[in-house]
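*Asks:* Here's a structure for you.
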Amino acid sequence: MKPLITVGIPTYNGSKYISETIDSILIQMEFVPEGFVEILISDNCSDDDTAKIIAGYCKKYPDIFSYYKNVENVGFDKNLNLIFERAQGKYVWLLSDDDVLISDALKTITELLKKDFDYIHLNWSECNQKLKVNNHKALKLLKNETFFDFNLFLTKVKTSPIFISSNIFKKSSWGKDANEFIGTGWLHYAKLFNISKRPSKILVVSNPTVKYRWSEGGWKTNHLFNIKLTLTLFDLINFYKDYISPKVLQECIDITLSELHFEICASRLSKEIIPADILDKLKKNLIPFWRFQFFYLKLLKIPLPVVRVFYWGCKAQRKIFSILH
């Protein structure tokens, strides 16, 4: 009998936390029917102890685990595609190698999957590196909601599905479309948007099922990389603009660009040089948005002491917001 769901874990040098991730699944296996769950690890050619760690699990739980190690690092998006190619389950839950399941999550999801959905979006709790909860409920929902209209669904969740561990796809819904977004880091979000092209049944789960291990970081992290990710996400959302309402499109774009000023400041303070092609793309993309055109783009030119003050002001605002919410 094939499993109902494959928990697909893409990993690259994930040895630091991957045991916590796997153990959070295994501890719940006794509460679901035997054979319902497969744990599939797709290792993107790690050079740390990941393979050794997973080998121990495969030996102990041969009927549950599938482990594949790519001969080379094929990139995050192609690794996701490989998970869907190799998965045995009717559904695939994408789970980051440093996140963990909340108690009873697997039982809850297994029960929900007895009904037929094309896609399920999961709520989560935002945590620090030690998994102390900072924000219990990322989406402020009172109950599970089912959607047959993609725009209504997107109005509710907006860009939250970019969090990889919040996504459960019916394997057949993943399909072969949207592969033009391989290499952007957002293939899973493109696959979700692709669902908008056809009638689909979508579920949003109210109670958190995953603890998201989040790091606030500082200006010593790779903020130029974050700027590139923001721009590719912006392009992706615009690519599907014909399938979503102008209102939802604008909301998703606003959220996508909402941290860009912070990343520009952090990039300058870390003395990262923003390449000319990225600068040109920033200016091109921000032209329609007056607050970016007349304010945030000026962050590229103003003196560093002013940038530093603005940066710490943004961090203080984040802190206050997290306390109030």
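Starting from 1 in every chain, residues are counted up; chains themselves are A, B, ... following the order of the structure tokens, and ligands are numbered from 1 as listed.
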Using only C-alpha atoms, determine which residues lie at most 12 Å from Lys170 (chain A), disregarding the query and same-chain residues fewer than 3 positions distant; provide the list as a PyMOL selection string.
*Replies:* chain A and resi 4-7+84+87-94+113+115-121+167+173-175+191-192+195+200-203
*Asks:* Have a look at A:Ile273, A:Leu106, A:Leu304, A:Leu154 and name the one nearest to Glu30 (chain A); count only C-alpha atoms.
*Replies:*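 For Glu30 (chain A), the nearest of the given residues is A:Leu106.
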*Asks:* Using only C-alpha atoms, can you tell me which of A:Ser19, A:Asn238, A:Asn81, A:Asn194 comes closest to Tyr57 (chain A)?
*Replies:*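 Of A:Ser19, A:Asn238, A:Asn81, A:Asn194, the one nearest Tyr57 (chain A), counting only C-alpha atoms, is A:Ser19.
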*Asks:* Of the candidates A:Ile18, A:Asn222, A:Ile41, A:Val205, which one gets nearest to Phe147 (chain A) if we count only C-alpha atoms?
*Replies:*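 Smallest separation from Phe147 (chain A) among the options: A:Val205.
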*Asks:* Could you please write out, as JSON, numbers by chain, every residue of region 108-247 of chain A that DSSP assigns to strand (DSSP E)?
*Replies:* {"A": [119, 120, 121, 122, 123, 124, 125, 126, 127, 133, 134, 135, 145, 146, 147, 167, 168, 169, 170, 202, 203, 204, 205, 206, 207, 208, 209, 210, 211, 212, 213]}
*Asks:* Near region 60-76 of chain A, counting only C-alpha atoms, which residues have an atom at most 7 Å away, once you skip same-chain residues fewer than 4 positions from it, shown as a VMD selection string?
*Replies:* chain A and resid 37 to 45 56 80 183 185
*Asks:* I'd like to know which residues of region 113-286 of chain A are alpha helix (DSSP H) (by DSSP, run on the backbone); could you write them as an NGL selection string?
*Replies:* :A and (150-157 or 171-174 or 187-195 or 223-239 or 246-257 or 260-269 or 276-286)
*Asks:* Could those residues be written to a file, using C-alpha atoms, as a compact mmCIF listing (two decimals), in the first residue's frame?
*Replies:*
# COMPACT_ATOMS: atom_id res chain seq x y z
CA PHE A 150 -8.19 31.18 -5.78
CA ASN A 151 -8.57 34.95 -5.32
CA LEU A 152 -10.50 34.50 -2.08
CA PHE A 153 -7.84 32.07 -0.88
CA LEU A 154 -5.01 34.46 -1.80
CA THR A 155 -6.83 37.33 -0.07
CA LYS A 156 -6.62 35.27 3.12
CA VAL A 157 -2.99 34.05 2.89
CA LYS A 171 1.25 15.33 -6.00
CA SER A 172 -0.73 15.61 -9.23
CA SER A 173 -1.29 19.35 -8.58
CA TRP A 174 2.46 20.07 -8.57
CA LEU A 187 9.24 27.45 -7.42
CA HIS A 188 6.82 26.26 -4.74
CA TYR A 189 5.00 29.62 -4.82
CA ALA A 190 4.87 29.54 -8.63
CA LYS A 191 3.40 26.02 -8.50
CA LEU A 192 0.72 27.35 -6.15
CA PHE A 193 -0.10 30.24 -8.48
CA ASN A 194 -0.30 27.75 -11.30
CA ILE A 195 -3.21 26.11 -9.50
CA HIS A 223 21.25 41.08 2.18
CA LEU A 224 22.17 41.43 -1.48
CA PHE A 225 20.88 37.87 -1.89
CA ASN A 226 17.66 38.93 -0.11
CA ILE A 227 17.24 41.87 -2.50
CA LYS A 228 17.56 39.49 -5.47
CA LEU A 229 14.99 37.15 -3.91
CA THR A 230 12.60 40.08 -3.45
CA LEU A 231 12.94 41.09 -7.09
CA THR A 232 12.40 37.56 -8.40
CA LEU A 233 9.32 37.18 -6.17
CA PHE A 234 8.03 40.49 -7.52
CA ASP A 235 8.49 39.20 -11.09
CA LEU A 236 6.74 35.92 -10.25
CA ILE A 237 3.65 37.62 -8.81
CA ASN A 238 3.42 39.92 -11.82
CA PHE A 239 3.75 36.94 -14.16
CA PRO A 246 -5.86 43.76 -9.13
CA LYS A 247 -6.58 44.21 -5.41
CA VAL A 248 -4.97 40.91 -4.41
CA LEU A 249 -2.08 41.56 -6.80
CA GLN A 250 -1.39 44.92 -5.14
CA GLU A 251 -1.58 43.41 -1.64
CA CYS A 252 0.92 40.68 -2.54
CA ILE A 253 3.29 43.19 -4.13
CA ASP A 254 3.09 45.52 -1.13
CA ILE A 255 4.03 42.67 1.20
CA THR A 256 6.83 41.55 -1.13
CA LEU A 257 8.39 45.01 -1.13
CA LEU A 260 13.13 46.08 0.80
CA HIS A 261 14.14 49.34 2.50
CA PHE A 262 15.56 47.33 5.42
CA GLU A 263 17.56 45.11 3.05
CA ILE A 264 18.93 48.11 1.15
CA CYS A 265 20.10 49.71 4.41
CA ALA A 266 21.65 46.47 5.66
CA SER A 267 23.37 45.90 2.33
CA ARG A 268 24.97 49.32 2.42
CA LEU A 269 26.05 48.96 6.05
CA ALA A 276 24.43 47.70 -11.80
CA ASP A 277 21.89 45.19 -13.15
CA ILE A 278 20.26 44.89 -9.72
CA LEU A 279 20.20 48.67 -9.34
CA ASP A 280 18.55 49.03 -12.75
CA LYS A 281 15.98 46.39 -11.86
CA LEU A 282 15.26 48.05 -8.52
CA LYS A 283 14.60 51.36 -10.20
CA LYS A 284 12.50 49.81 -12.94
CA ASN A 285 10.35 47.82 -10.52
CA LEU A 286 9.87 50.67 -8.07
*Asks:* Quick one: pull the distance between CA of Ile27 (chain A) and CA of Ala138 (chain A), Å, one decimal.
*Replies:*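 Here the two named atoms are 24.2 Å from each other.
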*Asks:* What separation in Å, quoted to one decimal, exists between CA of Thr21 (chain A) and CA of Asn144 (chain A)?
*Replies:* 24.8 Å
*Asks:* I'd like the neighbourhood of region 131-136 of chain A as a list in words, where a residue qualifies if any of its atoms comes within 7 Å (using only C-alpha atoms), though same-chain residues fewer than 6 positions away should be ignored.
*Replies:* Ser125, Lys211 and Arg213 of chain A
